[in-house]
Each structure stands twice: as structure tokens, then as C-alpha cells.
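**Student:** Quick one: the structure is below, and I'll ask about it shortly.
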Amino acid sequence: MGLTLALLGLVALVWYALSSPSPTNTDTRERFWGRESFTPDWRAAELIDDRATQRFLRAYWPELKGRYDAGGTPDTADIEKQPGLTVFTTAITRVILPDYLPTDAERQVEQINLFAAKGESEAISLGIRNHSGARSVSIRVTDLANGNMTLPAEIATNRLVLAYPANLYMGNRQYRVAMRPMVMIKPPGNQWRFPPYTTHNYFVDVHIPDDAIAGIYSGQVLVESSGKVIESIDLRLEVLPFKLKINGFHAGAFRTTYNIREGGFFGYYPEMMEMDSRYGFNMAGGFFNKDGEIPFRRDEFGALEVDEKHPKFDKFNNTMQRLKTYGMGDVAFWNWGASGKVQQFNDVLEKAGVPPIHTEAGKQGFAEVCRAIKLAEKAYGWPELVINPYDEALEDQDATREIIESVPYVRKISPDTRLYMTEWREHYARLYQSSGNTLAGQDMPGWLEYLKLLVSLESPRKNFDVIGSNRMFEESHRLQNDLGGEYWHYSGVTRMGPQVRYSYGFQPYAVNAEAALVWANYKGGFDGKGWTLHYVMSDLPDGREKRNTRGPVIPSPRAMAAREGIDDRKYIETLKYYALEKNAQEDLYFLEGLHERSRNIARLDNIGGVENTEAVVTQSEAFQLLRRELKERILRLHNN
């Protein structure tokens with residue numbers, strides 16, 4: 001019996017390979033094509049950083065004091081008698097801890113070379129080793145000038161990376177405690193007191209104005225201690241003559257449900273949106289809680305509609321408008337509930353006055369909810385809400401089958417609605433894109449269920465417009481491409497490293513993913529768990545326990561690495577735009593080859609979710625070399 005089933009499975013696999021739908025020319029990103037990237041207001045974000053730093057030091061300084069406070073700063077005379085500081089440059093994804101000793105090669109810093117497009121920001125990562133007693137250190141950048149324009153010194157801002165005891169994932173739900181770079185703060189008064197014999201990491205962020213004149217600018221990065229310049233590094237900045245394109249690529253981060261209710265629509269509020277836009281995100285994502293952020297009602301004909309007179313409506317609508325203001329107004333990813341089980345999904349249906357999904361009325365009611373959302377989305381100018389009915393569906397095969405059976409109602413009643421499913425195990429995409437007839441029971445499907453589907457010789461169908469996968473499967477991407485759907489990349493950034501940058505840039509490009517999502521933007525306190533890009537500081541004295549999340553936002557260094565990954569993808573999309581516009585076959589051929597080069601940077605099968613802590617990824621220098629190659633090709637096309 002087992003051999004027979006295996007043979008049937010082999011036959012089915014061959015049939016599937018031969019009979020899959022032919023590729024379509026459907027480009028769901030057409031309306032985004034040629035879109036320039038959003039330019040955030042970095043000056044407004046500075047105010048958030050000031051407030052967040054004050055909150056952070058007030059709340060956490062008692063336990064940081066012994067690690068960072070040496071009890072006094074020597075005067076200039078003392079500094080001149082002491083060995084001094086070593087300044088070195090490093091990749092932004094490099095882990096620099098207080099005990100790090102720079103190598104001889106790293107000590108040779110004579111010039112920093114940057115290039116950036118208009119409206120973009122580019123980071124310099126500096127390590128500073130203190131070889132003696134406590135001292136005050138500050139960093140500043142001079143005006144940057146060329147023959148036509150001067151960029152004022154204020155366009156460069158500083159972030160100090162503080163290490164913090166973190167629980168590091170080791171596999172099998174095991175953690176160990178170690179020092180990790182956890183937060184980036186804005187040094188109060190642009191200086192920080194270095195304890196004896198410690199190393200700190202600074203990010204100097206250079207923000208290019210939209211109206212900057214293209215060309216080469218020169219200036220200096222100055223490292224000072226007690227008012228004395230102890231290191232001067234030449235800075236050469238190339239401002240490019242174009243803005244980067246995002247085309248149809250979207251990058252975003254989830255919100256968690258951990259007490260983030262006050263902001264409306266899974267916890268977005270202005271500080272978080274502003275911080276997200278600063279780090280390049282142009283897509284919002286999160287959970288639609290069972291309490292129901294969108295209120296519904298029945299109209300005079302009995303049809304579901306969004307209730308704009310409900311007290312919750314204004315908060316939701318305002319959040320949607322802010323998302324547009326902060327550059328996240330194209331697509332919002334909406335996860336219906338935090339469970340692959342059916343109960344939480346039915347709770348949301350119940351809030352809308354709809355029966356459970358296992359009934360025909362429930363299936364039709366789900367489609368009516370989708371229609372009501374879509375009508376309001378268009379009427380009020382909201383981002384497109386891509387709806388994921390279950391998080392990690394197929395934990396319950398019956399519940400997943402019921403959603404599949406409701407799809408025809410959605411296509412009929414709300415044809416513009418895009419539905420999403422997460423592929424968190426291999427072959428799940430093919431199960432989602434089926435009739436669901438082979439799915440039965442309340443456990444997860446395995447290889448046998450997949451073989452049954454293939455043996456049935458059932459043709460794939462597009463139930464779900466978007467499949468988001470936290471492990472990238474070529475077969476699934478091909479399936480989505482053939483069906484005219486999208487394949488999104490869903491990843492984690494559990495620890496600091498090159499994989500953070502990779503997971504937002506070259507990795508999703510390797511499989512033509514149209515979006516990159518990470519879990520999660522905020523998750524709990526400063527313990528290193530989760531995939532945290534930003535933290536939310538409390539406005540209450542006891543907020544560390546209650547976690548009132550209306551306080552200011554403070555980023556982790558992973559956010560900077562994520563931004564650089566998003567920028568990598570922007571350079572790719574910009575070259576694609578100009579190459580297609582000018583029919584530059586050589587560059588189009590280069591972009592095709594870049595897919596394989598992107599795959600070769602790392603082992604694709606070992607990055608995604610928590611697995612990325614074990615990833616084998618090349619160092620960031622390889623990413624920067626590829627970006628420079630992209631930049632040179634864009635320049636040639638732009639100037640000709």
C-alpha cells in the first residue's frame with residue numbers, strides 16, 4: 001500500500017510539473033510602478049528620540065549605572081597624559097560589545113566614502129575604544145560642501161548603541177543570557193561618558209535633502225573628548241542625481257497584541273508610524289483583535305457596512321489617514337486573529353453579527369465583512385487591507401478547509417479583496433490553493449495529505465492572492481507566479497547580524513517576493529526575546545510592569561540593519577525601472593543573474609522565523625559591493 005501510494009505520488013508530481021497553469025502577465029503591482037520612495041521627516045523623529053532617550057535613562061539607568069557610569073570625567077590635562085581612544089569603522093550589522101578590541105587593520109581609518117540618493121539616509125558605523133580612565137566622548141560632522149551647495153552639519157545625527165543583557169535563542173526553546181546591542185539612544189547633549197577600558201558603537205546617520213544638488217561633498221567626522229578633537233576622519237559623500245524607486249515592493253513589520261490597544265487598528269499610533277517611516281517601512285501590518293477595531297452595522301437593506309457613527313470609527317479612520325501621511329498608505333496587512341484555530345476568527349465574525357464560519361451563512365457573512373471593509377477602504381482612502389483569515393492556518397485542517405470553501409463567496413461578493421495565507425511548512429501553499437477536499441481533522445497536515453492532493457490530479461486554483469512564507473520555497477513561488485498571485489517574504493530578526501539586512505533586501509529578491517514582513521515591531525521589554533525592531537517606552541512610573549504603550553518609541557540597531565536591507569531592494573527596483581524604461585538588455589540580463597547571486601549570499605533554506613539565528617550569511621561587505629554595482633548601472637542609465 002505504501003509503495004503504491006508513493007508511486008502514485010511520483011506520477012502526480014510529474015503531472016503537476018507538466019500541467020501547472022502557464023505564467024500570466026498579470027502584474028498586481030502595476031499601479032505602484034515607478035513610485036518613488038517616501039522621504040521621512042527625520043527632524044520630527046529627532047524629537048521622538050529625545051523623549052525616548054530621557055524615558056529610557058530614567059527607567060533603566062539604575063541597573064545600567066554600574067556598567068556605564070564611572071563616577072566622573074577627567075579634565076583635558078588628564079586626557080593628554082593617557083593613551084587615548086581608538087576610532088574604527090565597522091559594518092552596521094556587526095555586534096560591538098563593551099569588551100571588543102579593535103584589530104590593527106580596523107585602526108587605519110583615513111576616509112569614509114558614502115553614496116546616497118536624494119531623500120535617503122546613509123549610516124556610518126563607528127567603534128570607539130577607550131584605553132584608559134573614564135572620559136566624555138562626542139561625535140559631530142562638519143558642514144559638507146562642494147562647489148555648488150553646502151549641506152549643513154545638522155543633517156548628520158548620532159545614535160549610541162547600548163548593550164544590554166539579552167536572552168539569546170539557542171534552539172529547542174532554550175536561551176542563554178549574554179550582552180547584546182539592544183537599543184539606540186540619542187546621546188544627551190551629544191556626549192556620553194565612557195567607562196574605563198570599554199568599547200562603544202555609534203551610528204552617524206547622514207540625511208540627504210530632497211533638493212540636494214548631485215555631486216561630491218567633502219567634510220570631516222570629528223571625535224571629541226572634553227572639547228578636544230582627538231580624531232578627524234575625512235568624509236566623502238556622493239549625492240546621486242535621482243530618487244530611489246520602490247515600484248511595487250513593500251516592507252513592513254507586524255504589531256503584537258501585547259497591550260497595544262490604545263492606538264486603534266492593532267496599536268499603530270503616530271510615534272510608531274513616524275519611527276517606522278524613518279527606517280524605510282512602507283507597509284503596515286498587524287492583528288485585527290477580537291474586540292473589533294472596525295465597527296459594523298446592518299444598513300436598511302440588511303447589508304453589512306462599516307459603522308462610521310460608532311465611537312471606534314474615528315480612531316480607526318484617523319489611524320488609516322496617518323498611515324498614508326507616514327508613507328504606509330498603499331498596503332496594510334491585516335491578520336484576522338492570533339491563532340490558527342477557528343474560535344478567535346468566529347469571535348470577530350460574531351462582533352460583526354455573522355454566524356460561525358462552518359455554516360454557509362458564516363461563509364457568506366465573511367465575504368460580506370470583506371465587502372464592507374473594501375467599500376469603506378475606497379470611500380475613506382484607506383490603505384488596501386490584505387486580509388489573512390488565520391495566523392498559521394492548517395494547524396486545524398477543518399478550519400482551513402472552511403475558509404477555502406468561503407472563497408467563492410468572497411470572489412462573488414467582494415472581488416477586489418485580496419486574501420493572504422502564511423506558508424509555514426513546505427507544500428502548504430499548494431494545499432491552500434486547492435479545493436480543500438483532502439483536508440480533514442483538527443491537526444496539521446503532513447506529507448500524506450500532500451500526496452493525496454497530488455494523487456487527486458486536482459489543478460491548482462487561486463484561492464489566496466498572496467502567500468507569505470517564512471521559509472522560501474521555489475515551488476511555491478512558481479505556483480503563485482503561475483496563478484497570477486504574489487509571494488511575500490515573512491522573516492524574523494531574532495539577533496543582530498547580516499541576516500537582518502539580507503532578510504529585507506537580497507533574500508526576498510532571490511525569489512521575486514513582492515513584500516517583506518518581519519515579526520514583530522514591538523514585543524515586550526528589553527530581554528532580547530522576540531524579533532524586536534523598536535521598543536515602546538512607558539509614560540508611567542510602573543510602566544515596565546503594566547506596559548502602557550503610549551510612551552515614546554526607541555529603536556533597536558536591528559531597525560538600522562532592516563533599513564539598509566530595504567535600501568538594497570530600492571536600488572534593485574530603481575535599476576529595474578530605468579532598464580525597462582530604456583530597454584537596456586544588458587542591465588535586464590544583470591538583474592536576472594542577480595537572483596542567483598542573491599541566493600548564493602546565504603543558505604536560503606535556513607533563514608526565516610527563528611531559524612535565522614542559525615543562518616549562514618556572508619558579511620555585509622558583500623551587500624555593499626552589490627549595492628555599489630547597482631548604483632553604477634543606475635547612474636549610467638540615468639545620465640544617458
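Here's how to read the names in the C-alpha cells: chain A, B, ... by the order shown, residue numbers from 1 in each chain, ligand numbers from 1 in the order shown.
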Would you list the contacts of segment 82-93 of chain A as a ChimeraX atom specification, taking every protein, DNA or RNA residue within 7 Å and counting only C-alpha atoms, but skipping same-chain residues closer than 2 positions in sequence?

**Tutor:** /A:78-80,95,106-107,109,125-132,496-498,561,620

**Student:** For the residues in the current selection, export N, CA, C and O atoms as a PDB file, in the first residue's frame.

**Tutor:**
```
ATOM      1  N   ASP A  78      44.291  65.578  32.077  1.00  0.00           N
ATOM      2  CA  ASP A  78      44.368  64.141  32.330  1.00  0.00           C
ATOM      3  C   ASP A  78      44.331  63.365  31.015  1.00  0.00           C
ATOM      4  O   ASP A  78      45.035  62.364  30.844  1.00  0.00           O
ATOM      5  N   ILE A  79      43.503  63.812  30.080  1.00  0.00           N
ATOM      6  CA  ILE A  79      43.384  63.113  28.796  1.00  0.00           C
ATOM      7  C   ILE A  79      44.721  63.108  28.065  1.00  0.00           C
ATOM      8  O   ILE A  79      45.137  62.118  27.488  1.00  0.00           O
ATOM      9  N   GLU A  80      45.420  64.260  28.102  1.00  0.00           N
ATOM     10  CA  GLU A  80      46.688  64.346  27.379  1.00  0.00           C
ATOM     11  C   GLU A  80      47.738  63.404  27.945  1.00  0.00           C
ATOM     12  O   GLU A  80      48.667  63.014  27.244  1.00  0.00           O
ATOM     13  N   VAL A  95      28.256  43.119  15.596  1.00  0.00           N
ATOM     14  CA  VAL A  95      27.995  43.208  17.026  1.00  0.00           C
ATOM     15  C   VAL A  95      29.245  43.745  17.714  1.00  0.00           C
ATOM     16  O   VAL A  95      30.303  43.095  17.726  1.00  0.00           O
ATOM     17  N   GLU A 106      41.571  47.518  11.615  1.00  0.00           N
ATOM     18  CA  GLU A 106      40.443  48.415  11.860  1.00  0.00           C
ATOM     19  C   GLU A 106      40.886  49.793  12.328  1.00  0.00           C
ATOM     20  O   GLU A 106      40.136  50.762  12.223  1.00  0.00           O
ATOM     21  N   ARG A 107      42.115  49.887  12.841  1.00  0.00           N
ATOM     22  CA  ARG A 107      42.584  51.165  13.370  1.00  0.00           C
ATOM     23  C   ARG A 107      42.956  52.149  12.263  1.00  0.00           C
ATOM     24  O   ARG A 107      43.101  53.330  12.513  1.00  0.00           O
ATOM     25  N   VAL A 109      41.856  54.248   9.866  1.00  0.00           N
ATOM     26  CA  VAL A 109      40.697  54.964   9.340  1.00  0.00           C
ATOM     27  C   VAL A 109      41.154  56.335   8.858  1.00  0.00           C
ATOM     28  O   VAL A 109      41.509  57.192   9.661  1.00  0.00           O
ATOM     29  N   SER A 125      29.010  53.540  10.696  1.00  0.00           N
ATOM     30  CA  SER A 125      29.123  52.843  11.976  1.00  0.00           C
ATOM     31  C   SER A 125      30.540  53.004  12.496  1.00  0.00           C
ATOM     32  O   SER A 125      31.503  52.565  11.859  1.00  0.00           O
ATOM     33  N   LEU A 126      30.660  53.655  13.641  1.00  0.00           N
ATOM     34  CA  LEU A 126      31.958  53.883  14.266  1.00  0.00           C
ATOM     35  C   LEU A 126      32.067  53.109  15.563  1.00  0.00           C
ATOM     36  O   LEU A 126      31.124  53.111  16.375  1.00  0.00           O
ATOM     37  N   GLY A 127      33.194  52.455  15.747  1.00  0.00           N
ATOM     38  CA  GLY A 127      33.519  51.876  17.047  1.00  0.00           C
ATOM     39  C   GLY A 127      34.549  52.746  17.732  1.00  0.00           C
ATOM     40  O   GLY A 127      35.456  53.281  17.081  1.00  0.00           O
ATOM     41  N   ILE A 128      34.397  52.916  19.040  1.00  0.00           N
ATOM     42  CA  ILE A 128      35.345  53.740  19.801  1.00  0.00           C
ATOM     43  C   ILE A 128      35.793  52.954  21.025  1.00  0.00           C
ATOM     44  O   ILE A 128      34.966  52.547  21.848  1.00  0.00           O
ATOM     45  N   ARG A 129      37.081  52.731  21.121  1.00  0.00           N
ATOM     46  CA  ARG A 129      37.652  52.011  22.262  1.00  0.00           C
ATOM     47  C   ARG A 129      38.355  52.994  23.177  1.00  0.00           C
ATOM     48  O   ARG A 129      39.207  53.778  22.747  1.00  0.00           O
ATOM     49  N   ASN A 130      37.975  52.978  24.452  1.00  0.00           N
ATOM     50  CA  ASN A 130      38.608  53.807  25.473  1.00  0.00           C
ATOM     51  C   ASN A 130      39.697  52.974  26.156  1.00  0.00           C
ATOM     52  O   ASN A 130      39.417  51.941  26.757  1.00  0.00           O
ATOM     53  N   HIS A 131      40.947  53.435  26.067  1.00  0.00           N
ATOM     54  CA  HIS A 131      42.076  52.658  26.579  1.00  0.00           C
ATOM     55  C   HIS A 131      42.508  53.065  27.980  1.00  0.00           C
ATOM     56  O   HIS A 131      43.535  52.585  28.473  1.00  0.00           O
ATOM     57  N   SER A 132      41.723  53.935  28.613  1.00  0.00           N
ATOM     58  CA  SER A 132      42.187  54.414  29.920  1.00  0.00           C
ATOM     59  C   SER A 132      40.993  54.731  30.797  1.00  0.00           C
ATOM     60  O   SER A 132      39.978  54.049  30.742  1.00  0.00           O
ATOM     61  N   MET A 496      21.066  40.364  16.230  1.00  0.00           N
ATOM     62  CA  MET A 496      21.722  41.316  15.347  1.00  0.00           C
ATOM     63  C   MET A 496      22.736  40.592  14.476  1.00  0.00           C
ATOM     64  O   MET A 496      23.517  39.787  14.955  1.00  0.00           O
ATOM     65  N   GLY A 497      22.713  40.887  13.176  1.00  0.00           N
ATOM     66  CA  GLY A 497      23.670  40.284  12.275  1.00  0.00           C
ATOM     67  C   GLY A 497      23.334  40.601  10.840  1.00  0.00           C
ATOM     68  O   GLY A 497      22.311  41.219  10.542  1.00  0.00           O
ATOM     69  N   PRO A 498      24.171  40.173   9.898  1.00  0.00           N
ATOM     70  CA  PRO A 498      23.921  40.466   8.482  1.00  0.00           C
ATOM     71  C   PRO A 498      22.601  39.905   7.983  1.00  0.00           C
ATOM     72  O   PRO A 498      22.034  40.422   7.021  1.00  0.00           O
ATOM     73  N   ALA A 561      19.687  48.005  10.486  1.00  0.00           N
ATOM     74  CA  ALA A 561      20.053  46.945   9.553  1.00  0.00           C
ATOM     75  C   ALA A 561      18.901  46.637   8.603  1.00  0.00           C
ATOM     76  O   ALA A 561      19.108  46.393   7.408  1.00  0.00           O
ATOM     77  N   SER A 620      28.381  41.864   5.624  1.00  0.00           N
ATOM     78  CA  SER A 620      27.695  42.977   4.969  1.00  0.00           C
ATOM     79  C   SER A 620      28.498  43.596   3.833  1.00  0.00           C
ATOM     80  O   SER A 620      27.936  44.278   2.978  1.00  0.00           O
TER      81      SER A 620
END
```

**Student:** Restrict the calculation to only C-alpha atoms, then for each residue of segment 151-214 of chain A with any atom at most 9 Å from an atom of segment 31-44 of chain A give the closest atom pair and their distance in Å to one decimal, rows by chain and rising residue number, as a Markdown table.

**Tutor:**
```
| residue | atom | partner | partner_atom | distance |
| --- | --- | --- | --- | --- |
| A:Ile155 | CA | A:Arg43 | CA | 8.9 |
| A:His207 | CA | A:Trp42 | CA | 7.6 |
| A:Pro209 | CA | A:Thr39 | CA | 8.9 |
| A:Asp210 | CA | A:Thr39 | CA | 7.8 |
```

**Student:** Suppose we keep all heavy atoms; can you now write the selection as a JSON list (two decimals), in the first residue's frame?

**Tutor:**
```
[["chain", "number", "residue", "atom", "x", "y", "z"],
["A", 155, "ILE", "N", 22.42, 67.85, 9.21],
["A", 155, "ILE", "CA", 21.83, 66.70, 8.52],
["A", 155, "ILE", "C", 22.40, 65.37, 9.03],
["A", 155, "ILE", "O", 21.88, 64.31, 8.70],
["A", 155, "ILE", "CB", 22.02, 66.78, 6.99],
["A", 155, "ILE", "CG1", 23.49, 66.59, 6.62],
["A", 155, "ILE", "CG2", 21.44, 68.07, 6.44],
["A", 155, "ILE", "CD1", 23.71, 66.34, 5.14],
["A", 207, "HIS", "N", 21.46, 62.40, 6.48],
["A", 207, "HIS", "CA", 20.16, 62.51, 5.83],
["A", 207, "HIS", "C", 20.27, 63.47, 4.64],
["A", 207, "HIS", "O", 20.58, 64.65, 4.83],
["A", 207, "HIS", "CB", 19.10, 63.03, 6.81],
["A", 207, "HIS", "CG", 19.09, 62.29, 8.12],
["A", 207, "HIS", "ND1", 18.57, 61.03, 8.26],
["A", 207, "HIS", "CD2", 19.57, 62.63, 9.35],
["A", 207, "HIS", "CE1", 18.70, 60.63, 9.52],
["A", 207, "HIS", "NE2", 19.30, 61.59, 10.20],
["A", 209, "PRO", "N", 18.86, 65.82, 1.80],
["A", 209, "PRO", "CA", 17.62, 66.54, 1.46],
["A", 209, "PRO", "C", 17.14, 66.18, 0.06],
["A", 209, "PRO", "O", 17.92, 65.82, -0.83],
["A", 209, "PRO", "CB", 18.05, 68.02, 1.53],
["A", 209, "PRO", "CG", 19.31, 68.03, 2.35],
["A", 209, "PRO", "CD", 19.99, 66.73, 2.08],
["A", 210, "ASP", "N", 15.84, 66.30, -0.15],
["A", 210, "ASP", "CA", 15.26, 66.04, -1.47],
["A", 210, "ASP", "C", 15.80, 66.98, -2.54],
["A", 210, "ASP", "O", 15.90, 66.61, -3.71],
["A", 210, "ASP", "CB", 13.73, 66.19, -1.41],
["A", 210, "ASP", "CG", 13.05, 64.92, -0.93],
["A", 210, "ASP", "OD1", 13.64, 63.84, -1.08],
["A", 210, "ASP", "OD2", 11.93, 65.02, -0.40]]
```

**Student:** Do you know which residues are at most 6 Å from Ala153 of chain A counting only C-alpha atoms, after dropping those on the same chain fewer than 5 positions away, and could you put them as a PyMOL selection string?

**Tutor:** chain A and resi 141-143

**Student:** Go ahead and dump the residues you just picked, N, CA and C atoms, as a PDB file, in the first residue's frame.

**Tutor:**
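Wrote part03.pdb, looks like this:
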```pdb
ATOM      1  N   VAL A 141      29.674  65.959  12.829  1.00  0.00           N
ATOM      2  CA  VAL A 141      30.063  66.041  11.427  1.00  0.00           C
ATOM      3  C   VAL A 141      30.052  67.504  11.023  1.00  0.00           C
ATOM      4  N   THR A 142      31.073  67.937  10.302  1.00  0.00           N
ATOM      5  CA  THR A 142      31.133  69.324   9.842  1.00  0.00           C
ATOM      6  C   THR A 142      30.167  69.523   8.669  1.00  0.00           C
ATOM      7  N   ASP A 143      30.024  70.778   8.237  1.00  0.00           N
ATOM      8  CA  ASP A 143      29.289  71.028   7.006  1.00  0.00           C
ATOM      9  C   ASP A 143      29.933  70.232   5.875  1.00  0.00           C
TER      10      ASP A 143
END
```

**Student:** From the set A:Val204, A:Ala163, A:Leu419, A:Ile139, which residue has the shortest atom-to-atom contact distance to Asn190 of chain A, counting only C-alpha atoms?

**Tutor:**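 So, comparing all the options, the nearest one is A:Ile139.
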
**Student:** Would you mind reading off the distance between atom CA of Arg236 of chain A and atom CA of Asn639 of chain A, one decimal, in Å?

**Tutor:** 21.4 Å

**Student:** Could you tell me how far atom CA of Gly248 of chain A lies from atom CA of Glu120 of chain A, in Å and to one decimal?

**Tutor:**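 Atom-to-atom, atom CA of Gly248 of chain A to atom CA of Glu120 of chain A, that is 18.2 Å.
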
**Student:** What are the DSSP strand (DSSP E or B) residues of segment 296-429 of chain A, as a PyMOL selection string?

**Tutor:** chain A and resi 296-298+304-306+331-335+384-388+419-423
